[in-house]
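**Student:** This is the content of protein_16.cif (mmCIF, C-alpha atoms and all ligand atoms):
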```cif
data_coords
loop_
_atom_site.label_atom_id
_atom_site.label_comp_id
_atom_site.auth_asym_id
_atom_site.auth_seq_id
_atom_site.Cartn_x
_atom_site.Cartn_y
_atom_site.Cartn_z
CA MET Q 1 0.00 0.00 0.00
CA ARG Q 2 2.70 2.40 1.05
CA SER Q 3 4.78 1.97 -2.08
CA ARG Q 4 1.60 2.22 -4.15
CA THR Q 5 0.67 5.54 -2.51
CA LEU Q 6 4.19 6.79 -3.05
CA ALA Q 7 4.10 5.72 -6.68
CA CYS Q 8 0.82 7.61 -7.16
CA VAL Q 9 2.21 10.74 -5.54
CA LEU Q 10 5.31 10.52 -7.70
CA ALA Q 11 3.28 9.94 -10.86
CA ALA Q 12 0.99 12.88 -10.05
CA THR Q 13 3.96 15.13 -9.36
CA LEU Q 14 5.74 14.07 -12.52
CA ALA Q 15 2.56 14.59 -14.54
CA ALA Q 16 2.16 18.09 -13.13
CA TRP Q 17 5.78 18.81 -13.89
CA SER Q 18 6.04 17.28 -17.30
CA ALA Q 19 3.12 19.44 -18.39
CA ALA Q 20 5.38 22.40 -17.67
CA ASP Q 21 8.82 21.02 -18.41
CA PRO Q 22 9.78 17.34 -18.68
CA ALA Q 23 13.49 17.99 -18.11
CA THR Q 24 12.84 19.74 -14.82
CA ALA Q 25 10.51 16.94 -13.73
CA ALA Q 26 13.29 14.44 -14.21
CA LYS Q 27 15.70 16.56 -12.22
CA SER Q 28 13.38 17.01 -9.28
CA ASP Q 29 12.95 13.23 -9.32
CA SER Q 30 16.70 12.84 -8.78
CA CYS Q 31 16.47 15.18 -5.78
CA ALA Q 32 13.40 13.32 -4.48
CA HIS Q 33 15.55 10.27 -3.83
CA CYS Q 34 16.99 12.03 -0.77
CA HIS Q 35 14.82 15.12 -0.21
CA GLY Q 36 11.39 13.52 -0.79
CA THR Q 37 9.08 14.01 -3.78
CA ASP Q 38 7.39 16.99 -2.15
CA GLY Q 39 10.60 18.18 -0.48
CA ASN Q 40 9.84 16.57 2.88
CA SER Q 41 12.76 14.22 3.47
CA SER Q 42 12.31 11.01 5.43
CA SER Q 43 15.79 10.95 6.97
CA GLY Q 44 17.25 13.34 9.49
CA SER Q 45 20.49 13.61 7.52
CA PHE Q 46 18.66 15.06 4.52
CA PRO Q 47 17.20 18.53 5.03
CA SER Q 48 13.62 19.11 3.97
CA LEU Q 49 13.42 21.63 1.14
CA ALA Q 50 9.62 22.07 1.19
CA GLY Q 51 8.55 25.63 1.97
CA GLN Q 52 12.16 26.84 2.02
CA THR Q 53 12.61 30.30 0.54
CA LYS Q 54 13.38 30.32 -3.18
CA ASP Q 55 16.29 32.79 -2.87
CA TYR Q 56 18.00 30.67 -0.23
CA LEU Q 57 17.54 27.44 -2.24
CA VAL Q 58 19.06 29.06 -5.33
CA THR Q 59 22.04 30.36 -3.32
CA GLN Q 60 22.70 26.97 -1.72
CA ILE Q 61 22.40 24.93 -4.92
CA LYS Q 62 24.84 27.35 -6.58
CA ALA Q 63 27.18 27.09 -3.58
CA PHE Q 64 27.23 23.29 -3.98
CA LYS Q 65 27.88 23.74 -7.71
CA THR Q 66 30.89 26.04 -7.19
CA GLY Q 67 32.18 24.02 -4.23
CA ALA Q 68 31.78 26.93 -1.79
CA ARG Q 69 29.60 24.51 0.21
CA LYS Q 70 30.67 20.88 0.17
CA ASN Q 71 28.96 17.59 1.00
CA ALA Q 72 29.93 14.16 -0.30
CA MET Q 73 26.30 13.09 -0.83
CA MET Q 74 24.97 16.37 -2.12
CA SER Q 75 27.72 17.87 -4.25
CA PRO Q 76 27.62 15.25 -7.08
CA SER Q 77 23.84 15.80 -7.56
CA VAL Q 78 23.84 19.39 -8.75
CA GLY Q 79 26.52 19.43 -11.45
CA VAL Q 80 24.02 18.65 -14.22
CA LEU Q 81 21.66 21.52 -13.38
CA SER Q 82 21.65 24.54 -15.69
CA ASP Q 83 21.01 28.02 -14.24
CA GLN Q 84 17.37 27.74 -15.35
CA ASP Q 85 17.05 24.25 -13.79
CA VAL Q 86 18.32 25.67 -10.49
CA VAL Q 87 15.59 28.35 -10.51
CA ASP Q 88 12.88 25.85 -11.57
CA VAL Q 89 13.83 23.29 -8.93
CA ALA Q 90 14.01 26.03 -6.24
CA GLU Q 91 10.58 27.35 -7.23
CA TYR Q 92 9.10 23.87 -7.07
CA PHE Q 93 10.40 23.08 -3.59
CA ALA Q 94 9.63 26.59 -2.27
CA SER Q 95 5.98 26.11 -3.29
CA GLN Q 96 5.60 22.90 -1.21
CA THR Q 97 4.64 22.76 2.48
CA MET Q 98 7.00 21.58 5.19
CA THR Q 99 5.18 18.93 7.19
CA ARG Q 100 5.73 17.97 10.81
CA GLY Q 101 7.94 14.88 10.98
CA SER Q 102 8.06 12.15 13.59
CA PHE Q 103 10.55 14.01 15.82
CA LYS Q 104 9.41 14.23 19.45
CA PRO Q 105 11.00 17.26 21.09
CA ASP Q 106 11.94 17.13 24.75
CA PRO Q 107 9.76 19.75 26.54
CA ALA Q 108 12.52 20.87 28.92
CA LEU Q 109 14.97 21.35 26.06
CA VAL Q 110 12.31 23.20 24.03
CA THR Q 111 11.91 25.72 26.87
CA LYS Q 112 15.67 26.14 27.14
CA GLY Q 113 16.09 26.39 23.35
CA LYS Q 114 13.33 28.98 23.04
CA GLN Q 115 15.02 31.11 25.67
CA ILE Q 116 18.39 30.94 23.88
CA ALA Q 117 16.70 31.75 20.55
CA GLU Q 118 15.08 34.84 22.11
CA GLU Q 119 18.29 36.00 23.77
CA THR Q 120 20.30 35.48 20.58
CA GLN Q 121 17.56 37.04 18.43
CA CYS Q 122 17.45 34.30 15.81
CA ALA Q 123 14.12 35.74 14.66
CA ALA Q 124 15.75 39.08 13.75
CA CYS Q 125 16.96 37.38 10.58
CA HIS Q 126 15.01 34.09 10.39
CA GLN Q 127 11.74 36.01 10.95
CA ALA Q 128 8.79 35.45 13.26
CA GLY Q 129 8.23 31.74 13.86
CA LEU Q 130 11.66 31.22 12.19
CA LYS Q 131 9.83 30.82 8.87
CA GLY Q 132 12.50 32.56 6.79
CA LEU Q 133 12.40 35.26 4.13
CA GLY Q 134 14.52 35.77 1.02
CA GLU Q 135 18.17 35.06 1.80
CA PHE Q 136 17.31 34.07 5.39
CA PRO Q 137 16.39 30.37 5.42
CA ARG Q 138 13.32 28.90 6.99
CA ILE Q 139 14.61 26.81 9.91
CA ALA Q 140 11.29 26.06 11.68
CA ARG Q 141 10.46 22.31 11.54
CA GLN Q 142 13.75 21.44 9.85
CA LYS Q 143 15.17 18.00 10.77
CA TYR Q 144 16.76 17.82 14.23
CA PRO Q 145 20.00 15.97 13.23
CA TYR Q 146 20.44 18.32 10.26
CA ILE Q 147 20.09 21.50 12.41
CA VAL Q 148 22.61 20.17 14.96
CA LYS Q 149 25.05 19.29 12.16
CA GLN Q 150 24.75 22.70 10.47
CA LEU Q 151 25.30 24.68 13.68
CA LYS Q 152 28.37 22.55 14.47
CA ASP Q 153 29.60 22.86 10.85
CA TYR Q 154 29.36 26.67 11.12
CA ARG Q 155 31.08 26.61 14.50
CA GLU Q 156 33.95 24.44 13.25
CA GLY Q 157 34.25 26.34 9.95
CA VAL Q 158 33.22 23.30 7.83
CA ARG Q 159 30.39 25.47 6.49
CA VAL Q 160 31.45 29.06 6.01
CA ASN Q 161 29.19 32.07 6.55
CA GLU Q 162 30.17 35.46 7.94
CA VAL Q 163 27.01 35.76 10.05
CA MET Q 164 26.38 32.20 11.25
CA GLY Q 165 30.07 31.34 11.80
CA PRO Q 166 30.79 33.86 14.58
CA LEU Q 167 27.32 33.29 16.07
CA ALA Q 168 27.75 29.49 16.26
CA LYS Q 169 31.15 29.92 17.94
CA THR Q 170 29.33 31.32 20.99
CA LEU Q 171 27.19 28.15 21.34
CA THR Q 172 28.05 25.04 23.37
CA ASP Q 173 26.95 21.52 22.29
CA GLU Q 174 24.21 21.63 24.95
CA GLN Q 175 22.90 24.98 23.67
CA ILE Q 176 22.92 23.71 20.08
CA GLU Q 177 20.92 20.62 21.08
CA ALA Q 178 18.38 22.71 23.02
CA LEU Q 179 18.01 25.15 20.11
CA ALA Q 180 17.51 22.24 17.69
CA HIS Q 181 14.79 20.67 19.89
CA TYR Q 182 12.94 23.98 19.89
CA ILE Q 183 13.38 24.68 16.15
CA ALA Q 184 12.63 21.14 14.90
CA GLY Q 185 9.47 21.03 17.01
CA LEU Q 186 7.96 24.28 15.66
C1 LIG S 1 22.26 11.29 -2.18
C2 LIG S 1 21.36 12.18 -1.46
C3 LIG S 1 21.06 13.54 -2.06
C4 LIG S 1 20.58 13.84 -3.34
C5 LIG S 1 20.29 12.88 -4.49
C6 LIG S 1 20.35 15.28 -3.35
N1 LIG S 1 20.71 15.82 -2.13
FE1 LIG S 1 20.53 17.77 -1.60
N2 LIG S 1 21.37 17.35 0.23
C7 LIG S 1 21.78 16.11 0.66
C8 LIG S 1 22.42 16.24 1.96
C9 LIG S 1 23.02 15.10 2.79
C10 LIG S 1 22.38 17.61 2.30
C11 LIG S 1 22.93 18.29 3.58
C12 LIG S 1 24.37 18.62 3.36
C13 LIG S 1 25.02 19.19 4.60
O1 LIG S 1 24.99 18.56 5.66
O2 LIG S 1 25.54 20.32 4.51
C14 LIG S 1 21.71 18.29 1.19
C15 LIG S 1 21.45 19.65 1.14
C16 LIG S 1 20.76 20.29 0.12
C17 LIG S 1 20.39 21.70 0.13
C18 LIG S 1 20.67 22.69 1.24
C19 LIG S 1 19.45 22.75 2.14
C20 LIG S 1 19.58 23.74 3.26
O3 LIG S 1 18.63 23.82 4.06
O4 LIG S 1 20.60 24.43 3.35
C21 LIG S 1 19.73 21.95 -1.04
C22 LIG S 1 19.13 23.26 -1.48
C23 LIG S 1 19.68 20.70 -1.78
N3 LIG S 1 20.30 19.70 -1.04
C24 LIG S 1 19.09 20.55 -3.04
C25 LIG S 1 19.14 19.39 -3.80
C26 LIG S 1 18.65 19.29 -5.15
C27 LIG S 1 18.01 20.44 -5.94
C28 LIG S 1 18.86 18.00 -5.58
C29 LIG S 1 18.56 17.39 -6.93
C30 LIG S 1 19.19 18.03 -8.07
C31 LIG S 1 19.50 17.31 -4.45
N4 LIG S 1 19.64 18.17 -3.39
C32 LIG S 1 19.88 15.97 -4.45
C33 LIG S 1 21.59 14.92 -0.01
C34 LIG S 1 21.16 14.80 -1.33
C1 LIG S 2 22.12 38.35 11.46
C2 LIG S 2 21.24 37.37 10.82
C3 LIG S 2 21.11 35.99 11.46
C4 LIG S 2 20.89 35.67 12.79
C5 LIG S 2 20.76 36.61 13.99
C6 LIG S 2 20.79 34.22 12.83
N1 LIG S 2 20.93 33.69 11.58
FE1 LIG S 2 20.93 31.71 11.12
N2 LIG S 2 21.32 32.16 9.18
C7 LIG S 2 21.45 33.44 8.66
C8 LIG S 2 21.81 33.34 7.25
C9 LIG S 2 22.04 34.49 6.30
C10 LIG S 2 21.90 31.96 6.95
C11 LIG S 2 22.31 31.31 5.62
C12 LIG S 2 23.82 31.25 5.66
C13 LIG S 2 24.48 30.44 4.56
O1 LIG S 2 24.31 30.79 3.39
O2 LIG S 2 25.16 29.46 4.91
C14 LIG S 2 21.58 31.25 8.18
C15 LIG S 2 21.57 29.85 8.30
C16 LIG S 2 21.17 29.17 9.43
C17 LIG S 2 21.03 27.72 9.52
C18 LIG S 2 21.22 26.73 8.39
C19 LIG S 2 19.89 26.53 7.69
C20 LIG S 2 19.90 25.44 6.68
O3 LIG S 2 18.81 25.14 6.12
O4 LIG S 2 20.94 24.86 6.40
C21 LIG S 2 20.63 27.44 10.79
C22 LIG S 2 20.33 26.07 11.37
C23 LIG S 2 20.55 28.69 11.50
N3 LIG S 2 20.89 29.72 10.64
C24 LIG S 2 20.18 28.81 12.83
C25 LIG S 2 20.17 30.02 13.53
C26 LIG S 2 19.90 30.10 14.95
C27 LIG S 2 19.54 28.92 15.83
C28 LIG S 2 20.03 31.42 15.28
C29 LIG S 2 19.93 32.03 16.67
C30 LIG S 2 20.74 31.36 17.70
C31 LIG S 2 20.37 32.14 14.07
N4 LIG S 2 20.46 31.26 13.03
C32 LIG S 2 20.58 33.51 14.01
C33 LIG S 2 21.29 34.63 9.35
C34 LIG S 2 21.12 34.72 10.71
#
```
Represent the supplied structure as structure tokens.

**Tutor:**
Amino acid sequence: MRSRTLACVLAATLAAWSAADPATAAKSDSCAHCHGTDGNSSSGSFPSLAGQTKDYLVTQIKAFKTGARKNAMMSPSVGVLSDQDVVDVAEYFASQTMTRGSFKPDPALVTKGKQIAEETQCAACHQAGLKGLGEFPRIARQKYPYIVKQLKDYREGVRVNEVMGPLAKTLTDEQIEALAHYIAGL
């Protein structure tokens, strides 16, 4: 049943896409393998792309293409995309809705994480409800393991950004985990 439902969803999505552009449909299918057909990934190591801002998605896909951002699983996937494909794929995922996953946040850590988020003013850039806008990514409801990894990557300089790098350097592992419980549970 499950695989049949998935097949139907995939077929419907591909039909909707191929009406517009068959090449783009095929490319989103290759992303779906890890990020989910509708951009809601099923594994914590793969970020959900559904409902992410278009500008941010374009920037990140381009960063993987140039090697400014590196990941062994992700980097090989984007080489084939033309500039137009990047925009089309970003528009598609931005138009989807990020669903609540199976993550069960720890209430005590949520309280602690919310407090740190308020003190650090994450919402000044990531917007009310941390829903993102333009170049500022949506982080609300993102996968817990992915959020923890990104904050540590910024802190250790594995992922480079002039804003998030210095900010992450002020955070301990415990603070990162509390923040991620709060953010993933939104
Ligand atoms: C083999 C699995 C895999 C495939 C296929 C894949 N990705 Fe990814 N993607 C990842 C992983 C893993 C990450 C997180 C990398 C990290 O930890 O920095 C990622 C990250 C991303 C991000 C950054 C998200 C964020 O919140 O910063 C974007 C955008 C993205 N992928 C788009 C795509 C697109 C578009 C395709 C299809 C052309 C694609 N991916 C195919 C595994 C994959
Ligand atoms: C001054 C603006 C600013 C503030 C304040 C800020 N961020 Fe960010 N954040 C950004 C920008 C810009 C990016 C995208 C950076 C990039 O391209 O790598 C980002 C990226 C992220 C990412 C990676 C998202 C993804 O999908 O990969 C996470 C997680 C994150 N921020 C968490 C936080 C948390 C938690 C706080 C508060 C403790 C915070 N940010 C405060 C601007 C900000």

**Student:** What residues of the protein or nucleic acid chains come within 8 Å of ligand LIG 1 (chain S) when you use all atoms listed in the file? Reply as number ranges by chain.

**Tutor:** Q: 27-35, 45-49, 52, 56-61, 69-75, 77-78, 80-81, 86, 89-90, 137-139, 142, 146, 149-150, 153, 159

**Student:** Those selected residues, please, written with C-alpha atoms and delivered as a PDB file, keeping the file's coordinate frame.

**Tutor:**
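Produced file result_39.pdb, reproduced below:
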```
ATOM      1  CA  LYS Q  27      15.700  16.560 -12.220  1.00  0.00           C
ATOM      2  CA  SER Q  28      13.380  17.010  -9.280  1.00  0.00           C
ATOM      3  CA  ASP Q  29      12.950  13.230  -9.320  1.00  0.00           C
ATOM      4  CA  SER Q  30      16.700  12.840  -8.780  1.00  0.00           C
ATOM      5  CA  CYS Q  31      16.470  15.180  -5.780  1.00  0.00           C
ATOM      6  CA  ALA Q  32      13.400  13.320  -4.480  1.00  0.00           C
ATOM      7  CA  HIS Q  33      15.550  10.270  -3.830  1.00  0.00           C
ATOM      8  CA  CYS Q  34      16.990  12.030  -0.770  1.00  0.00           C
ATOM      9  CA  HIS Q  35      14.820  15.120  -0.210  1.00  0.00           C
ATOM     10  CA  SER Q  45      20.490  13.610   7.520  1.00  0.00           C
ATOM     11  CA  PHE Q  46      18.660  15.060   4.520  1.00  0.00           C
ATOM     12  CA  PRO Q  47      17.200  18.530   5.030  1.00  0.00           C
ATOM     13  CA  SER Q  48      13.620  19.110   3.970  1.00  0.00           C
ATOM     14  CA  LEU Q  49      13.420  21.630   1.140  1.00  0.00           C
ATOM     15  CA  GLN Q  52      12.160  26.840   2.020  1.00  0.00           C
ATOM     16  CA  TYR Q  56      18.000  30.670  -0.230  1.00  0.00           C
ATOM     17  CA  LEU Q  57      17.540  27.440  -2.240  1.00  0.00           C
ATOM     18  CA  VAL Q  58      19.060  29.060  -5.330  1.00  0.00           C
ATOM     19  CA  THR Q  59      22.040  30.360  -3.320  1.00  0.00           C
ATOM     20  CA  GLN Q  60      22.700  26.970  -1.720  1.00  0.00           C
ATOM     21  CA  ILE Q  61      22.400  24.930  -4.920  1.00  0.00           C
ATOM     22  CA  ARG Q  69      29.600  24.510   0.210  1.00  0.00           C
ATOM     23  CA  LYS Q  70      30.670  20.880   0.170  1.00  0.00           C
ATOM     24  CA  ASN Q  71      28.960  17.590   1.000  1.00  0.00           C
ATOM     25  CA  ALA Q  72      29.930  14.160  -0.300  1.00  0.00           C
ATOM     26  CA  MET Q  73      26.300  13.090  -0.830  1.00  0.00           C
ATOM     27  CA  MET Q  74      24.970  16.370  -2.120  1.00  0.00           C
ATOM     28  CA  SER Q  75      27.720  17.870  -4.250  1.00  0.00           C
ATOM     29  CA  SER Q  77      23.840  15.800  -7.560  1.00  0.00           C
ATOM     30  CA  VAL Q  78      23.840  19.390  -8.750  1.00  0.00           C
ATOM     31  CA  VAL Q  80      24.020  18.650 -14.220  1.00  0.00           C
ATOM     32  CA  LEU Q  81      21.660  21.520 -13.380  1.00  0.00           C
ATOM     33  CA  VAL Q  86      18.320  25.670 -10.490  1.00  0.00           C
ATOM     34  CA  VAL Q  89      13.830  23.290  -8.930  1.00  0.00           C
ATOM     35  CA  ALA Q  90      14.010  26.030  -6.240  1.00  0.00           C
ATOM     36  CA  PRO Q 137      16.390  30.370   5.420  1.00  0.00           C
ATOM     37  CA  ARG Q 138      13.320  28.900   6.990  1.00  0.00           C
ATOM     38  CA  ILE Q 139      14.610  26.810   9.910  1.00  0.00           C
ATOM     39  CA  GLN Q 142      13.750  21.440   9.850  1.00  0.00           C
ATOM     40  CA  TYR Q 146      20.440  18.320  10.260  1.00  0.00           C
ATOM     41  CA  LYS Q 149      25.050  19.290  12.160  1.00  0.00           C
ATOM     42  CA  GLN Q 150      24.750  22.700  10.470  1.00  0.00           C
ATOM     43  CA  ASP Q 153      29.600  22.860  10.850  1.00  0.00           C
ATOM     44  CA  ARG Q 159      30.390  25.470   6.490  1.00  0.00           C
TER      45      ARG Q 159
END
```

**Student:** So that each row is one residue of chain Q with an atom at most 7 Å from ligand LIG 2 (chain S), can you give its shortest atom pair and the distance in Å to one decimal, using only C-alpha atoms and all ligand atoms, rows by chain and rising number, as CSV?

**Tutor:**
```
residue,atom,partner,partner_atom,distance
Q:Pro47,CA,S:LIG2,O3,6.9
Q:Gln60,CA,S:LIG2,O1,6.6
Q:Ile116,CA,S:LIG2,C30,6.6
Q:Ala117,CA,S:LIG2,C30,5.0
Q:Thr120,CA,S:LIG2,C30,5.0
Q:Gln121,CA,S:LIG2,C5,5.5
Q:Cys122,CA,S:LIG2,C29,3.5
Q:Ala123,CA,S:LIG2,C5,6.7
Q:Ala124,CA,S:LIG2,C5,5.6
Q:Cys125,CA,S:LIG2,C2,4.3
Q:His126,CA,S:LIG2,N1,6.1
Q:Glu135,CA,S:LIG2,C9,6.0
Q:Phe136,CA,S:LIG2,C9,4.8
Q:Pro137,CA,S:LIG2,C19,5.7
Q:Arg138,CA,S:LIG2,O3,6.7
Q:Ile139,CA,S:LIG2,C19,5.7
Q:Ile147,CA,S:LIG2,C22,4.7
Q:Gln150,CA,S:LIG2,C22,5.6
Q:Leu151,CA,S:LIG2,C22,5.7
Q:Arg159,CA,S:LIG2,O2,6.8
Q:Val160,CA,S:LIG2,O2,6.4
Q:Asn161,CA,S:LIG2,O2,5.1
Q:Val163,CA,S:LIG2,C1,5.7
Q:Met164,CA,S:LIG2,N2,5.5
Q:Leu179,CA,S:LIG2,C27,5.9
```

**Student:** For C-alpha atoms, I'd like the residues from the last selection saved as a JSON list (two decimals), in the frame of the given file.

**Tutor:**
```
[["chain", "number", "residue", "atom", "x", "y", "z"],
["Q", 47, "PRO", "CA", 17.20, 18.53, 5.03],
["Q", 60, "GLN", "CA", 22.70, 26.97, -1.72],
["Q", 116, "ILE", "CA", 18.39, 30.94, 23.88],
["Q", 117, "ALA", "CA", 16.70, 31.75, 20.55],
["Q", 120, "THR", "CA", 20.30, 35.48, 20.58],
["Q", 121, "GLN", "CA", 17.56, 37.04, 18.43],
["Q", 122, "CYS", "CA", 17.45, 34.30, 15.81],
["Q", 123, "ALA", "CA", 14.12, 35.74, 14.66],
["Q", 124, "ALA", "CA", 15.75, 39.08, 13.75],
["Q", 125, "CYS", "CA", 16.96, 37.38, 10.58],
["Q", 126, "HIS", "CA", 15.01, 34.09, 10.39],
["Q", 135, "GLU", "CA", 18.17, 35.06, 1.80],
["Q", 136, "PHE", "CA", 17.31, 34.07, 5.39],
["Q", 137, "PRO", "CA", 16.39, 30.37, 5.42],
["Q", 138, "ARG", "CA", 13.32, 28.90, 6.99],
["Q", 139, "ILE", "CA", 14.61, 26.81, 9.91],
["Q", 147, "ILE", "CA", 20.09, 21.50, 12.41],
["Q", 150, "GLN", "CA", 24.75, 22.70, 10.47],
["Q", 151, "LEU", "CA", 25.30, 24.68, 13.68],
["Q", 159, "ARG", "CA", 30.39, 25.47, 6.49],
["Q", 160, "VAL", "CA", 31.45, 29.06, 6.01],
["Q", 161, "ASN", "CA", 29.19, 32.07, 6.55],
["Q", 163, "VAL", "CA", 27.01, 35.76, 10.05],
["Q", 164, "MET", "CA", 26.38, 32.20, 11.25],
["Q", 179, "LEU", "CA", 18.01, 25.15, 20.11]]
```

**Student:** Go ahead and compute the interatomic distance for CA of Val148 in chain Q and CA of Ile183 in chain Q, in Å to one decimal.

**Tutor:**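 Interatomic distance here is 10.3 Å.
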
**Student:** From the options Q:Lys131, Q:Lys169, Q:Lys114, Q:Lys62, which residue's atoms come nearest to Ala94 in chain Q, counting only C-alpha atoms?

**Tutor:**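 When distances to Ala94 in chain Q are compared using only C-alpha atoms, the smallest one comes from Q:Lys131.
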
**Student:** Rounded to one decimal, what separation in Å do you get between CA of Leu167 in chain Q and CA of Lys104 in chain Q?

**Tutor:** 26.4 Å

**Student:** Between CA of Thr170 in chain Q and CA of Arg155 in chain Q, what is the distance, to one decimal in Å?

**Tutor:** 8.2 Å

**Student:** Could you list, as a count of residues only, every residue within 8 Å of Val87 in chain Q, counting all atoms listed in the file and ignoring same-chain residues fewer than 4 positions away?

**Tutor:** 4

**Student:** Find the residue from Q:Ala140, Q:Lys152, Q:Asp88, Q:Ala128 that sits nearest to Asp55 in chain Q; use all atoms listed in the file when measuring.

**Tutor:** Q:Asp88
